[in-house]
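Note: the block below is final03.cif and it holds mmCIF, C-alpha atoms and all ligand atoms.
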```cif
data_model
loop_
_atom_site.group_PDB
_atom_site.id
_atom_site.type_symbol
_atom_site.label_atom_id
_atom_site.label_comp_id
_atom_site.auth_asym_id
_atom_site.auth_seq_id
_atom_site.Cartn_x
_atom_site.Cartn_y
_atom_site.Cartn_z
ATOM 1 C CA MET D 1 32.396 -26.509 3.356
ATOM 2 C CA ARG D 2 31.057 -23.763 5.546
ATOM 3 C CA ALA D 3 29.501 -20.406 4.684
ATOM 4 C CA LEU D 4 28.773 -17.462 6.951
ATOM 5 C CA ILE D 5 25.540 -15.740 5.894
ATOM 6 C CA VAL D 6 25.417 -12.171 7.232
ATOM 7 C CA VAL D 7 21.792 -11.045 7.095
ATOM 8 C CA ASP D 8 20.810 -7.404 6.513
ATOM 9 C CA LEU D 9 23.514 -5.690 8.593
ATOM 10 C CA GLN D 10 22.421 -2.355 7.139
ATOM 11 C CA VAL D 11 22.218 1.233 8.371
ATOM 12 C CA ASP D 12 18.403 1.252 8.563
ATOM 13 C CA PHE D 13 18.389 -1.717 10.979
ATOM 14 C CA CYS D 14 20.915 -0.092 13.328
ATOM 15 C CA PRO D 15 20.227 2.573 15.980
ATOM 16 C CA GLY D 16 19.351 5.846 14.213
ATOM 17 C CA GLY D 17 18.002 3.956 11.197
ATOM 18 C CA ALA D 18 14.446 3.800 9.880
ATOM 19 C CA LEU D 19 13.703 0.345 11.330
ATOM 20 C CA ALA D 20 16.266 0.252 14.097
ATOM 21 C CA VAL D 21 16.838 -2.999 15.965
ATOM 22 C CA ALA D 22 17.988 -2.313 19.546
ATOM 23 C CA GLY D 23 21.729 -2.942 19.754
ATOM 24 C CA GLY D 24 21.914 -3.790 16.056
ATOM 25 C CA ASP D 25 25.263 -2.075 15.607
ATOM 26 C CA GLY D 26 26.664 -3.945 18.607
ATOM 27 C CA ILE D 27 27.163 -7.160 16.618
ATOM 28 C CA VAL D 28 29.369 -5.750 13.843
ATOM 29 C CA GLY D 29 32.661 -6.597 15.563
ATOM 30 C CA ALA D 30 31.548 -10.156 16.366
ATOM 31 C CA VAL D 31 30.401 -10.681 12.765
ATOM 32 C CA ASN D 32 33.704 -9.414 11.336
ATOM 33 C CA ASP D 33 35.609 -11.675 13.741
ATOM 34 C CA LEU D 34 33.693 -14.756 12.530
ATOM 35 C CA MET D 35 34.414 -14.182 8.833
ATOM 36 C CA PRO D 36 37.950 -15.716 8.658
ATOM 37 C CA ASP D 37 36.631 -19.002 10.105
ATOM 38 C CA PHE D 38 34.549 -19.736 6.977
ATOM 39 C CA ASP D 39 35.161 -20.960 3.435
ATOM 40 C CA ALA D 40 32.786 -18.305 2.098
ATOM 41 C CA VAL D 41 31.043 -15.157 3.318
ATOM 42 C CA VAL D 42 27.689 -14.091 1.879
ATOM 43 C CA LEU D 43 25.998 -10.789 2.712
ATOM 44 C CA THR D 44 22.281 -10.205 2.235
ATOM 45 C CA GLN D 45 20.881 -6.739 1.608
ATOM 46 C CA ASP D 46 17.238 -5.751 2.101
ATOM 47 C CA TRP D 47 16.538 -3.749 -1.059
ATOM 48 C CA HIS D 48 13.067 -2.267 -1.578
ATOM 49 C CA PRO D 49 11.614 -0.044 -4.334
ATOM 50 C CA PRO D 50 9.865 3.142 -3.058
ATOM 51 C CA ASP D 51 6.411 1.660 -3.791
ATOM 52 C CA HIS D 52 7.107 -1.534 -1.843
ATOM 53 C CA SER D 53 3.974 -3.139 -0.387
ATOM 54 C CA SER D 54 5.626 -3.779 3.010
ATOM 55 C CA PHE D 55 5.823 -0.032 3.706
ATOM 56 C CA ALA D 56 2.977 1.170 5.942
ATOM 57 C CA ASP D 57 2.975 4.551 4.207
ATOM 58 C CA ASN D 58 1.989 2.844 0.942
ATOM 59 C CA HIS D 59 -1.302 1.743 2.612
ATOM 60 C CA ALA D 60 -3.781 4.551 3.355
ATOM 61 C CA GLY D 61 -4.482 4.799 7.076
ATOM 62 C CA ALA D 62 -2.268 1.878 8.053
ATOM 63 C CA GLU D 63 -0.011 1.986 11.091
ATOM 64 C CA PRO D 64 3.558 0.681 11.045
ATOM 65 C CA PHE D 65 3.871 -2.717 12.765
ATOM 66 C CA SER D 66 0.251 -3.660 11.967
ATOM 67 C CA THR D 67 -0.439 -6.817 9.977
ATOM 68 C CA VAL D 68 -2.439 -6.971 6.745
ATOM 69 C CA PRO D 69 -3.456 -9.880 4.509
ATOM 70 C CA MET D 70 -1.520 -10.164 1.254
ATOM 71 C CA ALA D 71 -1.986 -12.633 -1.604
ATOM 72 C CA TYR D 72 0.693 -14.845 -0.060
ATOM 73 C CA GLY D 73 -0.438 -14.565 3.602
ATOM 74 C CA PRO D 74 -0.246 -12.096 6.501
ATOM 75 C CA GLN D 75 2.353 -9.356 6.125
ATOM 76 C CA VAL D 76 3.632 -6.952 8.789
ATOM 77 C CA LEU D 77 3.692 -3.341 7.567
ATOM 78 C CA TRP D 78 7.006 -1.692 8.361
ATOM 79 C CA PRO D 79 8.273 1.859 8.446
ATOM 80 C CA ARG D 80 9.824 2.754 5.083
ATOM 81 C CA HIS D 81 13.321 1.242 5.148
ATOM 82 C CA CYS D 82 16.179 0.056 2.935
ATOM 83 C CA VAL D 83 14.954 1.905 -0.140
ATOM 84 C CA ILE D 84 17.065 0.955 -3.166
ATOM 85 C CA GLY D 85 20.167 3.134 -3.358
ATOM 86 C CA SER D 86 19.421 5.101 -0.183
ATOM 87 C CA ALA D 87 21.917 5.725 2.623
ATOM 88 C CA GLY D 88 19.814 3.552 4.916
ATOM 89 C CA ALA D 89 20.138 0.596 2.566
ATOM 90 C CA ALA D 90 23.942 0.690 2.746
ATOM 91 C CA PHE D 91 25.799 -1.843 4.855
ATOM 92 C CA HIS D 92 26.865 -0.707 8.317
ATOM 93 C CA PRO D 93 30.092 1.231 7.703
ATOM 94 C CA GLY D 94 32.026 -0.998 10.103
ATOM 95 C CA LEU D 95 31.119 -4.244 8.338
ATOM 96 C CA ALA D 96 34.012 -5.943 6.532
ATOM 97 C CA VAL D 97 32.182 -6.016 3.200
ATOM 98 C CA ASP D 98 35.366 -6.556 1.151
ATOM 99 C CA VAL D 99 35.656 -10.083 2.563
ATOM 100 C CA ALA D 100 32.305 -11.129 1.066
ATOM 101 C CA ASP D 101 32.168 -13.441 -1.962
ATOM 102 C CA LEU D 102 28.535 -12.663 -2.745
ATOM 103 C CA VAL D 103 25.958 -9.981 -1.973
ATOM 104 C CA ILE D 104 22.392 -11.175 -2.415
ATOM 105 C CA ARG D 105 19.666 -8.539 -2.607
ATOM 106 C CA LYS D 106 16.095 -9.324 -1.674
ATOM 107 C CA GLY D 107 12.727 -7.617 -1.437
ATOM 108 C CA PHE D 108 13.111 -5.791 -4.754
ATOM 109 C CA ARG D 109 9.684 -6.847 -6.080
ATOM 110 C CA ALA D 110 7.077 -4.231 -5.138
ATOM 111 C CA ARG D 111 4.217 -6.662 -4.503
ATOM 112 C CA ILE D 112 5.974 -9.152 -2.252
ATOM 113 C CA ASP D 113 8.317 -8.929 0.711
ATOM 114 C CA SER D 114 11.324 -11.191 1.218
ATOM 115 C CA TYR D 115 12.517 -11.905 4.742
ATOM 116 C CA SER D 116 14.406 -15.061 3.841
ATOM 117 C CA ALA D 117 17.670 -15.029 1.940
ATOM 118 C CA PHE D 118 16.315 -18.003 -0.045
ATOM 119 C CA PHE D 119 12.706 -17.171 -0.950
ATOM 120 C CA ASP D 120 10.268 -14.284 -1.145
ATOM 121 C CA ASN D 121 7.547 -14.371 1.523
ATOM 122 C CA ASP D 122 5.418 -16.696 -0.632
ATOM 123 C CA ARG D 123 8.106 -19.253 0.363
ATOM 124 C CA THR D 124 8.360 -20.336 -3.282
ATOM 125 C CA THR D 125 9.924 -17.548 -5.402
ATOM 126 C CA PRO D 126 13.673 -18.253 -5.095
ATOM 127 C CA THR D 127 16.438 -15.672 -4.723
ATOM 128 C CA GLY D 128 19.017 -17.993 -6.300
ATOM 129 C CA LEU D 129 21.079 -18.337 -3.130
ATOM 130 C CA ALA D 130 20.452 -22.088 -2.740
ATOM 131 C CA GLY D 131 21.836 -22.798 -6.200
ATOM 132 C CA TYR D 132 24.911 -20.678 -5.540
ATOM 133 C CA LEU D 133 25.664 -22.472 -2.285
ATOM 134 C CA ARG D 134 25.089 -25.935 -3.781
ATOM 135 C CA ASP D 135 27.260 -25.169 -6.809
ATOM 136 C CA ARG D 136 30.095 -24.243 -4.464
ATOM 137 C CA GLY D 137 29.588 -27.224 -2.142
ATOM 138 C CA LEU D 138 28.712 -24.999 0.796
ATOM 139 C CA ALA D 139 26.418 -27.282 2.801
ATOM 140 C CA ASP D 140 27.050 -26.033 6.335
ATOM 141 C CA LEU D 141 25.604 -22.564 6.938
ATOM 142 C CA THR D 142 25.941 -20.196 9.884
ATOM 143 C CA PHE D 143 23.579 -17.228 10.131
ATOM 144 C CA VAL D 144 24.214 -13.920 11.902
ATOM 145 C CA GLY D 145 22.847 -10.395 11.503
ATOM 146 C CA LEU D 146 19.471 -8.644 11.699
ATOM 147 C CA ALA D 147 16.836 -9.185 12.640
ATOM 148 C CA HIS D 148 17.015 -12.395 14.655
ATOM 149 C CA ASP D 149 13.251 -12.957 14.637
ATOM 150 C CA PHE D 150 12.536 -12.030 11.008
ATOM 151 C CA CYS D 151 15.158 -12.254 8.299
ATOM 152 C CA VAL D 152 17.680 -14.375 10.234
ATOM 153 C CA ALA D 153 15.032 -16.846 11.445
ATOM 154 C CA TRP D 154 13.248 -17.157 8.102
ATOM 155 C CA SER D 155 16.582 -17.673 6.335
ATOM 156 C CA ALA D 156 17.788 -20.343 8.767
ATOM 157 C CA ILE D 157 14.450 -22.192 8.662
ATOM 158 C CA ASP D 158 14.468 -22.199 4.856
ATOM 159 C CA ALA D 159 18.077 -23.416 4.866
ATOM 160 C CA ALA D 160 17.155 -26.364 7.063
ATOM 161 C CA ARG D 161 14.091 -27.061 4.908
ATOM 162 C CA LEU D 162 16.347 -27.121 1.821
ATOM 163 C CA GLY D 163 18.671 -29.667 3.412
ATOM 164 C CA PHE D 164 21.533 -27.406 4.501
ATOM 165 C CA ARG D 165 22.966 -27.630 8.003
ATOM 166 C CA ALA D 166 21.844 -24.399 9.659
ATOM 167 C CA THR D 167 23.212 -22.727 12.781
ATOM 168 C CA VAL D 168 22.379 -19.314 14.228
ATOM 169 C CA VAL D 169 24.983 -17.625 16.444
ATOM 170 C CA GLU D 170 22.620 -15.810 18.771
ATOM 171 C CA ASP D 171 25.278 -13.440 20.173
ATOM 172 C CA ALA D 172 25.786 -12.105 16.665
ATOM 173 C CA THR D 173 22.100 -11.315 16.093
ATOM 174 C CA ARG D 174 19.593 -8.883 17.608
ATOM 175 C CA ALA D 175 15.783 -9.144 17.610
ATOM 176 C CA ILE D 176 12.941 -6.731 16.800
ATOM 177 C CA ASP D 177 10.725 -8.700 19.245
ATOM 178 C CA LEU D 178 7.310 -7.611 17.955
ATOM 179 C CA ASN D 179 4.453 -9.268 19.936
ATOM 180 C CA GLY D 180 6.633 -12.131 21.130
ATOM 181 C CA SER D 181 8.240 -12.709 17.747
ATOM 182 C CA ARG D 182 11.617 -13.512 19.298
ATOM 183 C CA ALA D 183 10.370 -16.503 21.313
ATOM 184 C CA ALA D 184 8.195 -17.645 18.409
ATOM 185 C CA ALA D 185 11.131 -17.495 16.018
ATOM 186 C CA GLN D 186 13.357 -19.465 18.390
ATOM 187 C CA ALA D 187 10.712 -22.184 18.759
ATOM 188 C CA ALA D 188 10.167 -22.319 14.993
ATOM 189 C CA MET D 189 13.913 -22.565 14.356
ATOM 190 C CA ARG D 190 14.326 -25.414 16.852
ATOM 191 C CA ALA D 191 11.342 -27.237 15.332
ATOM 192 C CA ALA D 192 12.898 -26.884 11.886
ATOM 193 C CA GLY D 193 16.171 -28.413 13.054
ATOM 194 C CA VAL D 194 18.192 -25.181 13.221
ATOM 195 C CA THR D 195 20.997 -25.206 15.817
ATOM 196 C CA LEU D 196 20.985 -22.149 18.096
ATOM 197 C CA SER D 197 24.452 -21.542 19.469
HETATM 198 C C1 LIG D 201 13.666 -7.202 8.078
HETATM 199 C C2 LIG D 201 11.582 -6.373 8.504
HETATM 200 C C3 LIG D 201 11.516 -5.861 7.235
HETATM 201 C C4 LIG D 201 14.853 -7.944 8.588
HETATM 202 C C5 LIG D 201 13.614 -6.703 6.798
HETATM 203 O O1 LIG D 201 15.951 -7.797 8.025
HETATM 204 O O2 LIG D 201 14.692 -8.714 9.574
HETATM 205 N N1 LIG D 201 12.648 -7.063 8.923
HETATM 206 N N2 LIG D 201 12.533 -6.024 6.391
HETATM 207 ZN ZN ZN D 202 12.496 -5.036 4.552
#
```

Could the structure of this file be written out as structure tokens, please?
Amino acid sequence: MRALIVVDLQVDFCPGGALAVAGGDGIVGAVNDLMPDFDAVVLTQDWHPPDHSSFADNHAGAEPFSTVPMAYGPQVLWPRHCVIGSAGAAFHPGLAVDVADLVIRKGFRARIDSYSAFFDNDRTTPTGLAGYLRDRGLADLTFVGLAHDFCVAWSAIDAARLGFRATVVEDATRAIDLNGSRAAAQAAMRAAGVTLS
């Protein structure tokens, strides 16, 4: 059985948002059109407390898009985005949210970020998504959404690592492309056995 995993298609990642991905809103129609082709639709939602450690403004003197060491490894510092309950954390208003079976929130622990839909950035603290998918027999996963080179890539790589079949529909994603992160993410996905279509 096949699941469509729609990653972080939220106001803050679309043009005009706090961490806008160029053309991010341009994929909404394609994502909605894919939904009926799947046995299940899962939405992920980046969901950070105000004191989240990935926000540059929570680190004195730090610039957004710089990288700092954290207990679990290097972490990019982002502009404040997707604060719990804020307008920017809402799904894009055009997204067909009513079709979704499950909304999985991530990044709600202040001390650790969570790019992947499966694990926090320590790559070990689970979100629970793998168990949900396995319980429902959803072994074949297709990833779309934002951002291609962060949350989509990390999710697809973790899916492959966990033994799911993982595909990314590139036309239904958009990249941040920070210091070559798009090409790096594509190489890492291919190496992990993710299908890019
Ligand atoms: C994301 C940076 C920070 C994403 C989330 O959804 O790709 N990127 N938080
Ligand atoms: Zn985030």

For atom CA of Leu141 of chain D and atom CA of Arg111 of chain D, the interatomic separation in Å (one decimal): 29.0 Å

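Against this structure, the PyMOL selection byres (((chain D and resi 19-27) around 8) and not hetatm) ends up with Leu9, Asp12, Phe13, Cys14, Pro15, Gly16, Gly17, Ala18, Val28, Gly29, Ala30, Val31, Trp78, Pro79, Arg80, His81, His92, Gly145, Leu146, Ala147, Asp171, Ala172, Thr173, Arg174, Ala175 and Ile176 of chain D.
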
Within 7 Å of Ala156 of chain D using only C-alpha atoms, minus same-chain residues under 2 positions, as JSON, numbers by chain: {"D": [143, 152, 153, 154, 158, 159, 160, 166, 194]}

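Once the PyMOL selection byres (((chain D and resi 106) around 6) and not hetatm) is applied to the depicted file, the selected set reads Asp46, Trp47, Arg105, Gly107, Phe108 and Ser114 of chain D.
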
Atomic distance atom CA of Ala3 of chain D - atom CA of Val42 of chain D, expressed in Å with one decimal: 7.1 Å

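Our summary of the geometry notes that atom CA of Gly137 of chain D is positioned 16.3 Å from atom CA of Phe118 of chain D.
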
Return as a tab-separated table (two decimals) with C-alpha atoms, keeping the file's coordinate frame the set of residues that the PyMOL selection byres (((chain D and resi 178) around 12) and not hetatm) yields on the displayed structure.
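Result file follows (selection_12.tsv):
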```tsv
chain	number	residue	atom	x	y	z
D	21	VAL	CA	16.84	-3.00	15.96
D	64	PRO	CA	3.56	0.68	11.04
D	65	PHE	CA	3.87	-2.72	12.76
D	66	SER	CA	0.25	-3.66	11.97
D	67	THR	CA	-0.44	-6.82	9.98
D	76	VAL	CA	3.63	-6.95	8.79
D	77	LEU	CA	3.69	-3.34	7.57
D	78	TRP	CA	7.01	-1.69	8.36
D	147	ALA	CA	16.84	-9.18	12.64
D	148	HIS	CA	17.02	-12.40	14.66
D	149	ASP	CA	13.25	-12.96	14.64
D	150	PHE	CA	12.54	-12.03	11.01
D	175	ALA	CA	15.78	-9.14	17.61
D	176	ILE	CA	12.94	-6.73	16.80
D	177	ASP	CA	10.72	-8.70	19.24
D	179	ASN	CA	4.45	-9.27	19.94
D	180	GLY	CA	6.63	-12.13	21.13
D	181	SER	CA	8.24	-12.71	17.75
D	182	ARG	CA	11.62	-13.51	19.30
D	183	ALA	CA	10.37	-16.50	21.31
D	184	ALA	CA	8.20	-17.64	18.41
D	185	ALA	CA	11.13	-17.50	16.02
```

All residues 10 Å or closer to Leu133 of chain D, only C-alpha atoms, same chain fewer than 5 positions away omitted, as a PyMOL selection string: chain D and resi 1-3+40+42+128+138-141+164

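Within 9 Å of the point (9.2, -15.4, 0.9), counting all atoms listed in the file, the protein and nucleic acid residues come to D:Tyr72, D:Gly107, D:Ile112, D:Asp113, D:Ser114, D:Tyr115, D:Ser116, D:Ala117, D:Phe118, D:Phe119, D:Asp120, D:Asn121, D:Asp122, D:Arg123, D:Thr124, D:Thr125, D:Pro126, D:Trp154.
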
Which of D:Ala62, D:Met189, D:Val144, D:Ala71 sits closest to ligand LIG 201 (chain D) [using all atoms listed in the file]: D:Val144
